[in-house]
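Data file: data31.cif. Format and content: mmCIF, C-alpha atoms.
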data_coords
loop_
_atom_site.label_atom_id
_atom_site.label_comp_id
_atom_site.auth_asym_id
_atom_site.auth_seq_id
_atom_site.Cartn_x
_atom_site.Cartn_y
_atom_site.Cartn_z
CA LEU D 1 84.81 -31.44 -9.55
CA SER D 2 87.70 -31.92 -7.18
CA ARG D 3 85.62 -33.98 -4.81
CA ARG D 4 84.21 -36.13 -7.64
CA ALA D 5 87.72 -36.71 -9.01
CA GLY D 6 89.02 -37.58 -5.56
CA VAL D 7 91.68 -34.86 -5.53
CA SER D 8 92.33 -31.88 -3.31
CA HIS D 9 90.44 -28.64 -3.86
CA ALA D 10 93.64 -26.97 -5.10
CA ALA D 11 94.63 -29.73 -7.56
CA PRO D 12 92.61 -28.45 -10.55
CA THR D 13 94.06 -24.96 -10.14
CA TYR D 14 97.55 -26.41 -9.97
CA HIS D 15 97.00 -28.57 -13.05
CA PHE D 16 94.81 -26.30 -15.24
CA GLY D 17 95.63 -22.82 -13.92
CA ASP D 18 92.07 -21.53 -13.90
CA LYS D 19 88.55 -22.29 -15.09
CA ARG D 20 89.45 -21.40 -18.70
CA GLY D 21 92.31 -23.88 -18.58
CA LEU D 22 89.98 -26.60 -17.33
CA PHE D 23 87.35 -25.87 -20.00
CA THR D 24 90.06 -25.74 -22.67
CA ALA D 25 91.30 -29.18 -21.63
CA LEU D 26 87.72 -30.49 -21.73
CA ALA D 27 87.23 -28.99 -25.20
CA ALA D 28 90.49 -30.55 -26.46
CA GLU D 29 89.39 -33.90 -25.04
CA GLY D 30 86.00 -33.47 -26.72
CA PHE D 31 87.57 -32.74 -30.11
CA ARG D 32 89.84 -35.77 -29.69
CA MET D 33 86.83 -37.98 -28.95
CA LEU D 34 84.96 -36.42 -31.88
CA HIS D 35 87.68 -37.03 -34.45
CA GLN D 36 88.24 -40.57 -33.15
CA ARG D 37 84.57 -41.24 -33.80
CA THR D 38 84.16 -39.42 -37.10
CA SER D 39 87.42 -40.61 -38.68
CA GLN D 40 86.08 -44.17 -38.61
CA ALA D 41 83.43 -43.10 -41.12
CA LEU D 42 85.94 -41.91 -43.73
CA ASN D 43 86.52 -45.37 -45.19
CA ARG D 44 82.84 -46.05 -45.75
CA PRO D 45 81.28 -45.55 -49.20
CA ASN D 46 78.87 -42.95 -47.79
CA ALA D 47 81.53 -41.20 -45.73
CA LEU D 48 79.93 -37.77 -45.86
CA ILE D 49 76.59 -38.73 -44.37
CA GLU D 50 78.27 -41.17 -41.96
CA THR D 51 80.60 -38.44 -40.70
CA GLY D 52 77.60 -36.18 -40.11
CA ARG D 53 75.74 -38.96 -38.34
CA CYS D 54 78.74 -39.61 -36.09
CA TYR D 55 78.98 -35.87 -35.33
CA VAL D 56 75.34 -35.68 -34.18
CA GLU D 57 75.62 -38.94 -32.23
CA PHE D 58 78.69 -37.55 -30.46
CA ALA D 59 76.77 -34.41 -29.50
CA LEU D 60 73.93 -36.47 -28.04
CA ASP D 61 76.28 -38.86 -26.23
CA HIS D 62 78.54 -36.10 -24.85
CA PRO D 63 76.42 -32.93 -24.46
CA GLY D 64 78.71 -31.40 -21.83
CA HIS D 65 81.80 -31.71 -23.99
CA PHE D 66 79.86 -30.54 -27.04
CA ALA D 67 78.68 -27.39 -25.28
CA VAL D 68 82.17 -26.46 -24.05
CA MET D 69 83.91 -27.28 -27.35
CA PHE D 70 82.09 -24.53 -29.22
CA ASP D 71 81.82 -21.83 -26.55
CA VAL D 72 84.95 -19.82 -27.30
CA SER D 73 84.17 -17.45 -24.41
CA LEU D 74 85.18 -20.29 -22.06
CA LEU D 75 88.39 -21.30 -23.82
CA ASN D 76 92.02 -20.38 -24.32
CA ALA D 77 91.86 -20.49 -28.11
CA ASP D 78 95.66 -20.32 -28.44
CA ASP D 79 96.21 -23.49 -26.38
CA PRO D 80 98.30 -25.86 -28.55
CA ASP D 81 96.47 -29.07 -27.49
CA TYR D 82 93.09 -27.46 -28.17
CA GLN D 83 94.24 -26.12 -31.56
CA ARG D 84 95.71 -29.48 -32.58
CA GLU D 85 92.66 -31.57 -31.62
CA ARG D 86 90.22 -29.06 -33.10
CA GLY D 87 92.26 -28.96 -36.30
CA ILE D 88 92.27 -32.75 -36.63
CA ALA D 89 88.51 -32.89 -36.01
CA PHE D 90 87.86 -30.34 -38.75
CA GLU D 91 90.30 -32.06 -41.10
CA VAL D 92 88.12 -35.19 -40.86
CA LEU D 93 85.15 -33.13 -42.04
CA TYR D 94 87.24 -31.58 -44.84
CA GLU D 95 88.32 -35.05 -45.93
CA ALA D 96 84.74 -36.35 -45.94
CA ILE D 97 83.74 -33.43 -48.19
CA ARG D 98 86.82 -33.90 -50.40
CA ARG D 99 86.03 -37.60 -50.92
CA ALA D 100 82.31 -37.08 -51.47
CA THR D 101 82.52 -34.14 -53.88
CA ARG D 102 86.04 -34.65 -55.30
CA VAL D 103 86.44 -30.87 -55.17
CA ARG D 104 90.07 -29.73 -55.39
CA ASP D 105 89.69 -25.96 -55.23
CA ASP D 106 90.53 -24.88 -51.67
CA THR D 107 88.01 -22.03 -51.64
CA GLU D 108 85.20 -24.28 -52.80
CA LEU D 109 86.27 -27.01 -50.36
CA ALA D 110 86.18 -24.50 -47.50
CA ALA D 111 82.72 -23.28 -48.53
CA GLN D 112 81.34 -26.81 -48.84
CA THR D 113 82.85 -27.84 -45.51
CA LEU D 114 81.38 -24.80 -43.78
CA ALA D 115 77.97 -25.58 -45.29
CA ALA D 116 78.18 -29.21 -44.14
CA TRP D 117 79.26 -28.14 -40.66
CA LEU D 118 76.39 -25.65 -40.49
CA ALA D 119 73.97 -28.46 -41.29
CA VAL D 120 75.23 -31.09 -38.85
CA HIS D 121 75.98 -28.63 -36.06
CA GLY D 122 72.53 -27.13 -36.49
CA VAL D 123 70.91 -30.56 -36.32
CA ALA D 124 72.96 -31.45 -33.24
CA THR D 125 72.20 -28.17 -31.47
CA LEU D 126 68.49 -28.28 -32.28
CA TRP D 127 68.30 -31.93 -31.23
CA LEU D 128 70.08 -31.28 -27.93
CA SER D 129 67.80 -28.35 -27.12
CA GLY D 130 64.66 -30.43 -27.70
CA ASN D 131 63.62 -28.57 -30.84
CA LEU D 132 63.45 -31.58 -33.15
CA PRO D 133 60.72 -34.23 -33.13
CA TYR D 134 63.11 -36.91 -31.86
CA GLU D 135 63.94 -38.20 -28.40
CA ARG D 136 67.39 -37.31 -27.10
CA ASP D 137 68.78 -40.72 -28.04
CA SER D 138 71.81 -41.17 -30.31
CA SER D 139 70.48 -44.50 -31.59
CA LEU D 140 67.82 -42.52 -33.49
CA VAL D 141 70.30 -40.44 -35.50
CA ALA D 142 70.78 -42.86 -38.41
CA GLY D 143 67.02 -43.03 -39.00
CA ALA D 144 66.65 -39.27 -38.74
CA PHE D 145 69.45 -38.74 -41.27
CA THR D 146 67.76 -41.18 -43.64
CA GLU D 147 64.53 -39.18 -43.27
CA LEU D 148 66.13 -35.75 -43.61
CA ALA D 149 68.76 -36.36 -46.33
CA PRO D 150 66.39 -36.17 -49.34
CA ALA D 151 64.83 -32.94 -48.07
CA LEU D 152 68.26 -31.40 -47.37
CA SER D 153 69.38 -32.35 -50.86
CA ARG D 154 66.37 -30.67 -52.47
CA ILE D 155 66.85 -27.54 -50.36
CA ALA D 156 70.55 -27.40 -51.30
CA GLN D 157 69.69 -27.66 -55.01
CA VAL D 158 67.13 -24.85 -54.83
CA SER D 159 69.49 -22.70 -52.76
CA ALA D 160 72.30 -23.20 -55.27
CA ARG D 161 70.00 -22.27 -58.15
CA GLN D 162 68.77 -19.14 -56.35
CA ALA D 163 72.32 -18.12 -55.39
CA ALA D 164 73.38 -18.44 -59.04
CA GLN D 165 70.46 -16.23 -60.04
CA LEU D 166 71.45 -13.62 -57.45
CA ARG D 167 75.06 -13.61 -58.67
CA SER D 168 73.87 -13.26 -62.26
CA THR D 169 71.56 -10.40 -61.34
CA ALA D 170 74.31 -8.66 -59.36
CA ARG D 171 76.76 -8.90 -62.30
CA SER D 172 74.26 -7.58 -64.82
CA GLY D 173 72.81 -4.94 -62.48
#

Taking this structure as input, can you express it in the form of structure tokens?
Amino acid sequence: LSRRAGVSHAAPTYHFGDKRGLFTALAAEGFRMLHQRTSQALNRPNALIETGRCYVEFALDHPGHFAVMFDVSLLNADDPDYQRERGIAFEVLYEAIRRATRVRDDTELAAQTLAAWLAVHGVATLWLSGNLPYERDSSLVAGAFTELAPALSRIAQVSARQAAQLRSTARSG
């Protein structure tokens, strides 16, 4: 890295401290790039799906950053820059959920945001690892989301119905 950056071998250690410091800075930069991209989708009428699309496109366009951002074993989780940028990136997702569902209850908002993150992060991770029937090309994401959205909606409806049945059974049991 030092050679590619045109700096001395000791410069990264001086600037970042150690490998964790370097990865933490890369993760903070990745979250900054992510929220810059996803926040643009918030003003669109279909902000929720657009935010998800931007998330997956980011992962495909920046796989190195994406991998480091979510590998907490590499990071200094208490780093203030990392915490700030990660927090802003997740606030964009919270806001997309808030606008799409109009939910006001914090517990429900957190649950819906986690579910949305599970979906888009899963798509991104599966796509990056070659486990989806799409080429590793971010220009294909919009079409894939158009294809997958109806199926995801149906699955969510069935899951919600089954979860309600389980809760009802647990209360009466």

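The space separating CA of Ala163 (chain D) from CA of Arg99 (chain D) comes to 24.2 Å.
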
Practice prompt. Could you jot down the CA of Met33 (chain D) to CA of Tyr82 (chain D) separation for me, Å, one decimal place?
Written response: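 Computed distance, CA of Met33 (chain D) to CA of Tyr82 (chain D), equals 12.3 Å.
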
Fill in: Picked residues, the PyMOL selection byres ((chain D and resi 106-113) around 10), expected as number ranges by chain
D: 90-91, 93-98, 101-105, 114-119

Discussion item. Counting only C-alpha atoms, which residue out of D:Leu148, D:Ile49, D:Val68, D:Val92 sits closest to Arg37 (chain D)?
Written reply: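 Distance minimum relative to Arg37 (chain D) lands on D:Val92.
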
Practice prompt. May I have the residues at most 9 Å from (86.8, -28.6, -20.5) in the file's coordinates, counting all atoms listed in the file, as a list in words?
Written response: Lys19, Arg20, Gly21, Leu22, Phe23, Thr24, Ala25, Leu26, Ala27, Ala28, Glu29, Gly30, Gly64, His65, Val68, Met69, Leu74 and Leu75 of chain D

Worksheet item: Do you have the CA of Asp61 (chain D)-CA of Arg154 (chain D) distance handy?
Response: 29.2 Å

Worksheet entry | Non-local contacts of Pro63 (chain D) (12 Å; all atoms listed in the file; under 6 positions in same chain excluded) as number ranges by chain | D: 26-27, 30, 34, 55-57, 69-70, 124-125, 127-129, 136-138

Practice prompt. Return the single residue from D:Thr51, D:Gln83, D:Asn76, D:Ser172 that is closest to Ala100 (chain D), with distances computed using all atoms listed in the file.
Written response: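 Closest candidate: D:Thr51.
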
Worksheet item: Of the candidates D:Val120, D:Val158, D:Ala89, D:Ala77, which shows the shortest atom-to-atom distance to Glu50 (chain D), using only C-alpha atoms?
Response: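 Between D:Val120, D:Val158, D:Ala89, D:Ala77, the residue approaching Glu50 (chain D) most closely is D:Val120.
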
Can you pull out the residues contacting Ala149 (chain D)? Cut-off 12 Å, using all atoms listed in the file, and skip same-chain residues under 2 positions away; I want them as a compact mmCIF listing (two decimals) with C-alpha atoms, in the coordinates of the input.
# COMPACT_ATOMS: atom_id res chain seq x y z
CA LEU D 48 79.93 -37.77 -45.86
CA ILE D 49 76.59 -38.73 -44.37
CA GLU D 50 78.27 -41.17 -41.96
CA GLY D 52 77.60 -36.18 -40.11
CA ARG D 53 75.74 -38.96 -38.34
CA ALA D 119 73.97 -28.46 -41.29
CA VAL D 120 75.23 -31.09 -38.85
CA VAL D 123 70.91 -30.56 -36.32
CA VAL D 141 70.30 -40.44 -35.50
CA ALA D 142 70.78 -42.86 -38.41
CA GLY D 143 67.02 -43.03 -39.00
CA ALA D 144 66.65 -39.27 -38.74
CA PHE D 145 69.45 -38.74 -41.27
CA THR D 146 67.76 -41.18 -43.64
CA GLU D 147 64.53 -39.18 -43.27
CA ALA D 151 64.83 -32.94 -48.07
CA LEU D 152 68.26 -31.40 -47.37
CA SER D 153 69.38 -32.35 -50.86
CA ARG D 154 66.37 -30.67 -52.47
CA ILE D 155 66.85 -27.54 -50.36
CA ALA D 156 70.55 -27.40 -51.30
